[in-house]
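Enquirer: Take this structure, written in structure tokens, and hold onto it; I'll ask about it next.
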4 protein chains.
Amino acid sequence: MSSTFTKLIRGSTPAAELHGGAHHDATGKRERRKEARPGELLEAALDLFVEKGFAATRAEEVAARAGVSKGTLFLYFPSKEELFKAVVRENISGRFREWNDEFTAFEGSTADLVRFCMKTWWDRVGATRASGITKLIISEARNFPDIAAFYHDEVIKPGNDLMRRILQRGVDRGEFQVADMDYAIFGLTAPMVFLIMMKHSLGACAPKDFPLDPERYIASQADLLINGLLVRADTPKKSTGSRKS
Amino acid sequence: MSSTFTKLIRGSTPAAELHGGAHHDATGKRERRKEARPGELLEAALDLFVEKGFAATRAEEVAARAGVSKGTLFLYFPSKEELFKAVVRENISGRFREWNDEFTAFEGSTADLVRFCMKTWWDRVGATRASGITKLIISEARNFPDIAAFYHDEVIKPGNDLMRRILQRGVDRGEFQVADMDYAIFGLTAPMVFLIMMKHSLGACAPKDFPLDPERYIASQADLLINGLLVRADTPKKSTGSRKS
Amino acid sequence: MSSTFTKLIRGSTPAAELHGGAHHDATGKRERRKEARPGELLEAALDLFVEKGFAATRAEEVAARAGVSKGTLFLYFPSKEELFKAVVRENISGRFREWNDEFTAFEGSTADLVRFCMKTWWDRVGATRASGITKLIISEARNFPDIAAFYHDEVIKPGNDLMRRILQRGVDRGEFQVADMDYAIFGLTAPMVFLIMMKHSLGACAPKDFPLDPERYIASQADLLINGLLVRADTPKKSTGSRKS
Amino acid sequence: MSSTFTKLIRGSTPAAELHGGAHHDATGKRERRKEARPGELLEAALDLFVEKGFAATRAEEVAARAGVSKGTLFLYFPSKEELFKAVVRENISGRFREWNDEFTAFEGSTADLVRFCMKTWWDRVGATRASGITKLIISEARNFPDIAAFYHDEVIKPGNDLMRRILQRGVDRGEFQVADMDYAIFGLTAPMVFLIMMKHSLGACAPKDFPLDPERYIASQADLLINGLLVRADTPKKSTGSRKS
DNA sequence: TATGAATGAGTCTTCATTCAT
DNA sequence: CATGAATGAAGACTCATTCAT
């Protein structure tokens with residue numbers, strides 16, 4: 001899709017969005033757009049919460065980025081904290097599910113399934129603005145334990161289950177060998193989480209220092225992982241599963 | 001590298017700052033002194049910043065956890081932000097370096113080096129309180145771009161270089177085959193970052209839902225990665241392309 | 001009297017104010033119209049102002065109770081403060097006057113007149129929703145000195161005058177003996193004010209703790225007062241001085 | 001004590017108290033007076049709450065009148081509402097009790113006791129700044145039902161009990177005749193409540209229109225009441241207690 | 001040095017008032 | 001006329017920072 005992180009965050013510069021792009025046709029001020037407001041506010045809030053964290057984001061800033069006044073924000077969300085919860089809810093239930101359901105019918109090698117899964121995740125989740133929610137949750141989990149629990153139930157758990165189903169498919173079909181299934185699934189998870197962190201954190205700060213091409217990253221990590229999982233002719237001497245100490 | 005460091009350090013040496021740095025007879029004296037009381041403050045601050053983020057952590061809370069009064073905190077650190085910078089500095093320059101230098105003299109298979117590296121990283125960095133600094137930096141990077149840059153120069157860059165050296169060692173010795181070296185290094189980085197995130201974020205919220213045994217995790221990810229890297233007799237083409245059905 | 005009234009009224013005639021008062025053909029027309037929708041607003045406002053006070057009553061709440069929207073309120077009253085003034089005006093000029101004029105033609109003993117007066121006051125004023133205006137004025141007098149002055153001129157003064165006329169009638173007819181006429185009139189006023197306070201304040205909070213039967217209260221206080229006023233055969237010296245032991 | 005209400009409220013003019021009178025000896029700003037602050041704040045708050053009501057009183061105004069900054073107020077009281085509760089608590093438990101206990105040992109005629117009671121009430125309660133608490137409670141009762149209940153339990157109930165004991169003493173000693181004891185006690189209460197209302201409400205607005213001398217008022221009402229209660233030789237024909245309708 | 005009372009700029013939140021529909 | 005979405009000034013409350021002790 002794009003070759004560097006710079007492109008991924010293109011258009012998110014505050015100044016560029018401060019007075020909106022598409023939804024301000026005319027009439028200047030005092031537009032009445034009851035239906036559209038919550039969505040615009042949630043988008044603005046997502047961006048800012050991801051960028052600065054909950055505490056460092058001012059409510060007025062969210063409102064300004066959504067193109068409304070301070071008071072309007074509180075017309076739709078009773079408090080900053082409720083706005084935060086709505087942001088999380090909105091960006092979880094949305095894209096994750098559809099992505100999640102896409103792999104049951106997959107035919108083809110499990111190696112290809114793994115590649116397809118990661119690639120699709122990037123297109124449907126990672127590359128979208130919603131991906132920041134992961135960074136947000138990780139940053140704020142200790143301040144909002146109930147949200148963390150919610151995220152665990154709605155995303156982490158189903159995500160882990162999906163990873164396990166995929167790996168198990170490979171094992172069942174004699175394609176993969178998995179020594180420690182409970183932990184192997186993180187071989188899929190970790191690269192995706194890492195990519196998100198780069199995208200929304202360090203990669204967003206100094207894009208020059210992180211010329212990370214997401215698609216190439218995804219491809220290389222998928223290959224590495226698949227290689228590590230594939231059943232092979234030569235005896236895999238060293239990998240005997242979990243050795244304590 | 002060191003110029004960024006200098007910039008961040010400038011004005012942050014607690015004791016020196018307060019007295020204008022002019023009427024001290026020797027430089028060694030103040031260097032020794034600054035660790036006395038500030039040390040406890042830095043530890044408390046690290047814990048709280050990691051847990052709650054910069055903005056949500058109150059200065060008084062830091063002072064209280066360090067067992068001193070609010071005023072004392074500002075006696076050693078001119079501002080909350082300087083405290084933050086000091087926390088980052090303190091926890092980077094410390095353990096990372098010594099860990100970094102440990103692998104040049106390693107003898108044995110590169111697979112073992114990888115295992116040793118990750119295991120040692122866990123013992124020296126991951127398992128310590130200082131590991132939270134990574135979560136902290138990732139959470140706050142966009143609020144403190146200069147700190148992010150500093151962290152990049154001091155940790156990420158050297159870390160990546162180390163990873164590359166290790167993988168290159170494997171390639172040079174005919175043990176590993178690496179298709180895309182620039183991105184393969186993240187195969188080492190991602191699992192470690194992921195573990196830290198779990199430890200300090202979601203894993204700290206609901207330990208029951210994340211019964212993640214770090215050593216087992218490290219071992220399994222290392223094996224998976226090594227497996228993926230090892231030169232093998234069968235099918236040396238890692239990427240089989242997308243064969244449908 | 002009427003000059004203060006005029007001042008308060010100025011600009012408060014709801015319908016007139018909005019259109020600059022210039023393009024209305026007849027004055028009678030607007031006089032009739034202003035009671036139509038505003039009436040419900042005034043009733044709602046009276047209830048809420050009495051219950052919660054001026055500052056704690058929200059304009060929207062008044063509108064909602066009157067069954068109209070927030071905007072409509074400001075269609076009839078240019079501001080919350082003008083609404084307040086209108087409420088006071090409305091509930092003073094109304095019932096008090098008619099009650100006030102009822103006693104000139106009274107025949108019978110002055111004791112009965114006192115009883116009749118208090119009883120009638122209860123029926124015409126005290127028992128009505130409008131009685132709350134007294135509590136309201138007392139609560140808000142210092143915030144609205146001009147309204148307090150208006151109330152003084154329109155209610156307190158005429159009320160005191162009435163009390164005085166009644167007592168004087170008793171004295172003139174040889175029924176009552178009054179030592180200090182200027183202050184004796186409060187013997188009539190105080191019980192009525194007290195009853196209103198109970199009704200709209202503490203009595204409205206915990207009706208169980210104040211099972212105050214207004215009619216019985218009125219009757220008992222009237223009797224007590226009349227007893228205190230009646231000329232008697234024995235000891236006509238009311239004040240026996242302070243005899244210790 | 002003083003001849004008019006004007007004198008009673010002398011010295012309460014905001015401008016006069018804004019920077020305190022007695023407790024600012026020197027040193028200009030940033031005085032450290034931890035012990036004295038709460039009291040000063042409570043006094044300022046009492047005055048303002050009585051004058052303007054809870055909602056219309058700004059926290060900063062209270063602080064300013066107490067001679068401190070906004071923040072200092074919240075150093076001693078966690079919220080405006082807690083300040084309010086503290087004001088009520090402070091001014092109830094204080095003077096009322098000592099006054100309440102003063103009459104058990106009284107020797108002399110019950111008529112004198114009544115006079116003594118009312119006069120003492122004025123000196124100990126009515127004439128003090130604390131008397132405003134009654135006006136405050138009555139104004140705010142519906143907004144703070146729990147405070148109203150508290151006031152009822154702490155003041156109204158004991159007050160009524162005291163009134164009853166006094167009247168009963170008169171009856172027992174053959175001095176008074178009371179037709180309806182339950183309601184007769186308000187013959188004592190009502191004048192005092194009325195006086196407070198005048199003092200803090202209308203009387204404070206337009207002192208010229210209310211040249212009410214409290215002591216003369218107290219004396220006249222006491223005489224009137226006592227007269228109404230005294231057993232007399234001539235048949236008290238009309239006062240047969242409570243006649244409904 | 002160390003303390004913690006005091007400060008006041010900065011935020012969240014409310015609500016009277018406006019105005020496009 | 002009526003509506004209710006939008007506004008923004010105002011007020012409660014927080015907390016980094018100062019400073020008298």
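Please note that chains go A, B, ... in the order of the structure tokens, that every chain numbers its residues from 1, and that ligands are numbered from 1 in the order shown.
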Residues of chain B no more than 10 Å from chain E, counting only C-alpha atoms (C1' of nucleotides): send them over as number ranges by chain.
Expert: B: 68-72, 75
Enquirer: Could you save the residues just selected, with all heavy atoms, as an mmCIF file, in the first residue's frame?
Expert:
data_model
loop_
_atom_site.group_PDB
_atom_site.id
_atom_site.type_symbol
_atom_site.label_atom_id
_atom_site.label_comp_id
_atom_site.auth_asym_id
_atom_site.auth_seq_id
_atom_site.Cartn_x
_atom_site.Cartn_y
_atom_site.Cartn_z
ATOM 1 N N VAL B 68 9.289 11.107 50.592
ATOM 2 C CA VAL B 68 9.663 12.496 50.876
ATOM 3 C C VAL B 68 8.462 13.400 50.620
ATOM 4 O O VAL B 68 7.408 12.949 50.170
ATOM 5 C CB VAL B 68 10.850 12.962 50.008
ATOM 6 C CG1 VAL B 68 12.068 12.122 50.285
ATOM 7 C CG2 VAL B 68 10.474 12.935 48.544
ATOM 8 N N SER B 69 8.629 14.654 50.888
ATOM 9 C CA SER B 69 7.527 15.585 50.694
ATOM 10 C C SER B 69 7.567 16.153 49.281
ATOM 11 O O SER B 69 8.578 16.072 48.581
ATOM 12 C CB SER B 69 7.607 16.720 51.688
ATOM 13 O OG SER B 69 8.574 17.640 51.245
ATOM 14 N N LYS B 70 6.443 16.707 48.911
ATOM 15 C CA LYS B 70 6.298 17.288 47.592
ATOM 16 C C LYS B 70 7.420 18.281 47.282
ATOM 17 O O LYS B 70 7.987 18.270 46.189
ATOM 18 C CB LYS B 70 4.951 18.025 47.566
ATOM 19 C CG LYS B 70 4.344 18.128 46.227
ATOM 20 C CD LYS B 70 2.959 18.772 46.276
ATOM 21 C CE LYS B 70 2.474 19.129 47.684
ATOM 22 N NZ LYS B 70 1.178 19.865 47.600
ATOM 23 N N GLY B 71 7.722 19.113 48.249
ATOM 24 C CA GLY B 71 8.731 20.129 48.030
ATOM 25 C C GLY B 71 10.098 19.547 47.716
ATOM 26 O O GLY B 71 10.851 20.087 46.902
ATOM 27 N N THR B 72 10.407 18.428 48.349
ATOM 28 C CA THR B 72 11.725 17.819 48.155
ATOM 29 C C THR B 72 11.926 17.370 46.713
ATOM 30 O O THR B 72 13.026 17.476 46.167
ATOM 31 C CB THR B 72 11.881 16.629 49.113
ATOM 32 O OG1 THR B 72 11.656 17.093 50.431
ATOM 33 C CG2 THR B 72 13.272 16.033 49.018
ATOM 34 N N LEU B 75 13.180 19.958 44.759
ATOM 35 C CA LEU B 75 14.516 20.358 45.190
ATOM 36 C C LEU B 75 15.555 19.672 44.314
ATOM 37 O O LEU B 75 16.620 20.215 44.025
ATOM 38 C CB LEU B 75 14.693 19.913 46.647
ATOM 39 C CG LEU B 75 15.408 20.824 47.605
ATOM 40 C CD1 LEU B 75 14.764 22.189 47.606
ATOM 41 C CD2 LEU B 75 15.352 20.214 49.002
#
Enquirer: Can you tell me which residues surround range 57-65 of chain B at a distance of at most 12 Å, considering only C-alpha atoms (C1' of nucleotides), apart from same-chain residues fewer than 2 positions away, and format the answer as number ranges by chain?
Expert: A: 55-56, 142-143; B: 37-55, 67-84, 87; E: 3-4; F: 14-17
Enquirer: Within 9 Å of Gly132 in chain A, counting only C-alpha atoms (C1' of nucleotides), which residues qualify if same-chain residues fewer than 2 places away don't, as a list in words?
Expert: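 Skipping anything fewer than 2 positions along the chain leaves Leu46, Asp47, Phe49, Val50, Glu51, Gly126, Thr128, Arg129, Ala130, Thr134, Lys135, Leu136, Ile137, Ile196, Met197, Lys199 and His200 of chain A.
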Enquirer: For N, CA and C atoms, I'd like the residues from the last selection saved as a compact mmCIF listing (two decimals), in the first residue's frame.
Expert:
# COMPACT_ATOMS: atom_id res chain seq x y z
N LEU A 46 -10.20 9.47 18.85
CA LEU A 46 -9.30 8.33 18.63
C LEU A 46 -7.90 8.83 18.29
N ASP A 47 -7.83 9.70 17.31
CA ASP A 47 -6.53 10.22 16.90
C ASP A 47 -5.76 10.83 18.06
N PHE A 49 -6.33 10.63 21.42
CA PHE A 49 -6.03 9.71 22.52
C PHE A 49 -4.84 8.82 22.16
N VAL A 50 -4.83 8.34 20.93
CA VAL A 50 -3.72 7.50 20.50
C VAL A 50 -2.42 8.30 20.53
N GLU A 51 -2.52 9.51 20.07
CA GLU A 51 -1.31 10.33 19.95
C GLU A 51 -0.78 10.77 21.32
N GLY A 126 -4.70 -3.08 10.69
CA GLY A 126 -3.43 -2.40 10.92
C GLY A 126 -3.30 -1.08 10.18
N THR A 128 -5.60 0.84 9.13
CA THR A 128 -6.65 1.82 9.42
C THR A 128 -6.32 2.65 10.65
N ARG A 129 -7.05 3.73 10.74
CA ARG A 129 -6.93 4.59 11.91
C ARG A 129 -7.26 3.82 13.20
N ALA A 130 -8.14 2.82 13.05
CA ALA A 130 -8.57 2.08 14.25
C ALA A 130 -7.45 1.29 14.90
N THR A 134 -5.08 -0.25 19.78
CA THR A 134 -4.22 -1.19 20.49
C THR A 134 -3.15 -0.45 21.28
N LYS A 135 -2.54 0.53 20.63
CA LYS A 135 -1.56 1.32 21.35
C LYS A 135 -2.23 2.02 22.53
N LEU A 136 -3.40 2.53 22.26
CA LEU A 136 -4.14 3.25 23.31
C LEU A 136 -4.43 2.35 24.50
N ILE A 137 -4.95 1.19 24.22
CA ILE A 137 -5.28 0.26 25.30
C ILE A 137 -4.04 -0.10 26.10
N ILE A 196 2.08 -2.23 15.05
CA ILE A 196 1.19 -1.14 15.49
C ILE A 196 1.92 -0.15 16.37
N MET A 197 2.71 -0.69 17.27
CA MET A 197 3.44 0.20 18.17
C MET A 197 4.38 1.10 17.38
N LYS A 199 4.07 1.96 14.30
CA LYS A 199 3.28 2.90 13.49
C LYS A 199 2.80 4.09 14.32
N HIS A 200 2.32 3.82 15.51
CA HIS A 200 1.68 4.89 16.28
C HIS A 200 2.59 5.55 17.29
Enquirer: Using the chain letters and numbers from this document, which residues of range 147-240 of chain B does DSSP assign to alpha helix (DSSP H), as a PyMOL selection string?
Expert: chain B and resi 147-151+157-172+181-184+186-200+202-205+214-229
Enquirer: Just the number, please: distance in Å from CA of Asp101 in chain C to CA of Phe116 in chain C, one decimal.
Expert: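 Answer for the CA of Asp101 in chain C to CA of Phe116 in chain C separation: 13.0 Å.
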Enquirer: Which residues come within 10 Å of Leu195 in chain B, counting only C-alpha atoms (C1' of nucleotides), excluding same-chain residues fewer than 3 positions away, as a tab-separated table (two decimals) with all heavy atoms, in the first residue's frame?
Expert:
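Produced file selection27.tsv, reproduced below:
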chain	number	residue	atom	x	y	z
A	186	PHE	N	1.77	-16.58	20.07
A	186	PHE	CA	2.34	-15.22	20.17
A	186	PHE	C	3.31	-14.95	19.04
A	186	PHE	O	3.65	-13.80	18.78
A	186	PHE	CB	3.00	-15.03	21.52
A	186	PHE	CG	2.04	-15.15	22.66
A	186	PHE	CD1	2.22	-16.11	23.66
A	186	PHE	CD2	0.93	-14.32	22.74
A	186	PHE	CE1	1.33	-16.23	24.70
A	186	PHE	CE2	0.04	-14.45	23.79
A	186	PHE	CZ	0.23	-15.40	24.78
A	190	ALA	N	2.74	-11.22	18.27
A	190	ALA	CA	3.79	-10.25	18.56
A	190	ALA	C	4.16	-9.38	17.36
A	190	ALA	O	4.27	-8.15	17.51
A	190	ALA	CB	5.03	-10.97	19.12
B	122	TRP	N	16.22	-11.00	29.13
B	122	TRP	CA	15.16	-11.11	30.13
B	122	TRP	C	15.74	-10.91	31.54
B	122	TRP	O	15.21	-10.13	32.33
B	122	TRP	CB	14.45	-12.45	30.04
B	122	TRP	CG	13.45	-12.59	31.14
B	122	TRP	CD1	13.52	-13.40	32.23
B	122	TRP	CD2	12.25	-11.83	31.29
B	122	TRP	NE1	12.45	-13.21	33.05
B	122	TRP	CE2	11.64	-12.26	32.50
B	122	TRP	CE3	11.63	-10.83	30.53
B	122	TRP	CZ2	10.44	-11.71	32.95
B	122	TRP	CZ3	10.43	-10.30	30.99
B	122	TRP	CH2	9.85	-10.73	32.18
B	126	GLY	N	14.53	-7.31	30.91
B	126	GLY	CA	13.09	-7.58	30.93
B	126	GLY	C	12.54	-7.81	32.31
B	126	GLY	O	11.47	-7.26	32.67
B	131	SER	N	12.54	-2.38	32.79
B	131	SER	CA	11.96	-2.76	31.50
B	131	SER	C	10.75	-1.90	31.16
B	131	SER	O	10.41	-1.72	30.00
B	131	SER	CB	11.56	-4.23	31.53
B	131	SER	OG	10.44	-4.42	32.37
B	190	ALA	N	10.61	-7.96	18.15
B	190	ALA	CA	9.18	-7.99	18.42
B	190	ALA	C	8.81	-8.84	19.64
B	190	ALA	O	8.04	-8.38	20.50
B	190	ALA	CB	8.42	-8.45	17.18
B	191	PRO	N	9.32	-10.05	19.76
B	191	PRO	CA	8.92	-10.84	20.94
B	191	PRO	C	9.29	-10.18	22.25
B	191	PRO	O	8.54	-10.26	23.23
B	191	PRO	CB	9.70	-12.15	20.76
B	191	PRO	CG	10.00	-12.22	19.31
B	191	PRO	CD	10.17	-10.81	18.86
B	192	MET	N	10.41	-9.50	22.26
B	192	MET	CA	10.83	-8.87	23.52
B	192	MET	C	9.95	-7.67	23.85
B	192	MET	O	9.50	-7.49	24.98
B	192	MET	CB	12.31	-8.48	23.42
B	192	MET	CG	13.22	-9.70	23.24
B	192	MET	SD	14.98	-9.37	23.44
B	192	MET	CE	15.34	-8.45	21.95
B	198	MET	N	3.09	-6.89	27.58
B	198	MET	CA	2.21	-7.74	28.38
B	198	MET	C	2.51	-7.56	29.87
B	198	MET	O	1.60	-7.40	30.68
B	198	MET	CB	2.42	-9.21	27.99
B	198	MET	CG	1.85	-9.58	26.64
B	198	MET	SD	0.07	-9.23	26.51
B	198	MET	CE	0.06	-7.80	25.45
B	199	LYS	N	3.78	-7.57	30.18
B	199	LYS	CA	4.16	-7.47	31.59
B	199	LYS	C	3.65	-6.18	32.23
B	199	LYS	O	3.12	-6.20	33.34
B	199	LYS	CB	5.68	-7.53	31.71
B	199	LYS	CG	6.20	-7.37	33.13
B	199	LYS	CD	7.72	-7.31	33.16
B	199	LYS	CE	8.22	-6.95	34.56
B	199	LYS	NZ	9.65	-6.61	34.56
B	200	HIS	N	3.76	-5.09	31.52
B	200	HIS	CA	3.47	-3.80	32.16
B	200	HIS	C	2.07	-3.27	31.84
B	200	HIS	O	1.67	-2.25	32.38
B	200	HIS	CB	4.51	-2.77	31.74
B	200	HIS	CG	5.85	-3.02	32.35
B	200	HIS	ND1	6.10	-2.80	33.67
B	200	HIS	CD2	6.99	-3.52	31.82
B	200	HIS	CE1	7.35	-3.13	33.94
B	200	HIS	NE2	7.92	-3.58	32.83
B	201	SER	N	1.39	-3.91	30.96
B	201	SER	CA	0.08	-3.36	30.59
B	201	SER	C	-1.04	-4.37	30.89
B	201	SER	O	-1.47	-4.50	32.03
B	201	SER	CB	0.11	-2.97	29.12
B	201	SER	OG	-1.13	-2.46	28.73
B	203	GLY	N	-1.07	-7.56	31.09
B	203	GLY	CA	-0.71	-8.61	32.04
B	203	GLY	C	-0.75	-8.13	33.47
B	203	GLY	O	-0.99	-8.91	34.40
B	212	LEU	N	1.27	-15.62	31.77
B	212	LEU	CA	2.37	-15.72	30.83
B	212	LEU	C	3.67	-15.97	31.60
B	212	LEU	O	4.14	-15.07	32.31
B	212	LEU	CB	2.46	-14.42	30.04
B	212	LEU	CG	3.13	-14.45	28.66
B	212	LEU	CD1	2.35	-15.33	27.71
B	212	LEU	CD2	3.19	-13.03	28.11
B	213	ASP	N	4.22	-17.12	31.42
B	213	ASP	CA	5.51	-17.42	32.04
B	213	ASP	C	6.61	-16.86	31.15
B	213	ASP	O	6.85	-17.37	30.05
B	213	ASP	CB	5.66	-18.94	32.20
B	213	ASP	CG	7.04	-19.31	32.71
B	213	ASP	OD1	7.82	-18.39	33.04
B	213	ASP	OD2	7.35	-20.51	32.77
B	214	PRO	N	7.29	-15.81	31.60
B	214	PRO	CA	8.24	-15.12	30.73
B	214	PRO	C	9.33	-16.04	30.18
B	214	PRO	O	9.66	-15.99	29.00
B	214	PRO	CB	8.84	-14.05	31.64
B	214	PRO	CG	7.85	-13.86	32.72
B	214	PRO	CD	7.19	-15.17	32.92
B	217	TYR	N	7.97	-18.26	27.66
B	217	TYR	CA	7.67	-17.44	26.48
B	217	TYR	C	8.95	-17.17	25.69
B	217	TYR	O	9.01	-17.40	24.48
B	217	TYR	CB	7.03	-16.12	26.91
B	217	TYR	CG	6.85	-15.13	25.77
B	217	TYR	CD1	5.72	-15.18	24.96
B	217	TYR	CD2	7.82	-14.17	25.50
B	217	TYR	CE1	5.57	-14.28	23.90
B	217	TYR	CE2	7.68	-13.28	24.46
B	217	TYR	CZ	6.55	-13.33	23.66
B	217	TYR	OH	6.41	-12.44	22.62
B	218	ILE	N	9.97	-16.72	26.39
B	218	ILE	CA	11.25	-16.43	25.75
B	218	ILE	C	11.78	-17.67	25.03
B	218	ILE	O	12.18	-17.62	23.86
B	218	ILE	CB	12.27	-15.95	26.81
B	218	ILE	CG1	11.90	-14.56	27.32
B	218	ILE	CG2	13.69	-15.99	26.24
B	218	ILE	CD1	12.26	-13.45	26.39
Enquirer: Pick out the residues sitting within 8 Å of DA5 in chain F, and hand them over as a PyMOL selection string; count only C-alpha atoms (C1' of nucleotides), and ignore anything fewer than 4 positions along from it in its own chain.
Expert: chain A and resi 32-34
Enquirer: Export N, CA, C and O atoms of the chosen residues as a PDB file, in the first residue's frame?
Expert:
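Generated file (result_19.pdb):
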ATOM      1  N   ARG A  32     -26.020  22.196  11.836  1.00  0.00           N
ATOM      2  CA  ARG A  32     -26.784  21.218  12.621  1.00  0.00           C
ATOM      3  C   ARG A  32     -26.608  19.848  11.982  1.00  0.00           C
ATOM      4  O   ARG A  32     -27.178  19.558  10.955  1.00  0.00           O
ATOM      5  N   ARG A  33     -25.819  19.020  12.607  1.00  0.00           N
ATOM      6  CA  ARG A  33     -25.502  17.731  11.999  1.00  0.00           C
ATOM      7  C   ARG A  33     -25.549  16.648  13.059  1.00  0.00           C
ATOM      8  O   ARG A  33     -24.590  15.949  13.305  1.00  0.00           O
ATOM      9  N   LYS A  34     -26.713  16.529  13.679  1.00  0.00           N
ATOM     10  CA  LYS A  34     -26.814  15.649  14.828  1.00  0.00           C
ATOM     11  C   LYS A  34     -26.338  14.232  14.547  1.00  0.00           C
ATOM     12  O   LYS A  34     -25.731  13.593  15.418  1.00  0.00           O
TER      13      LYS A  34
END
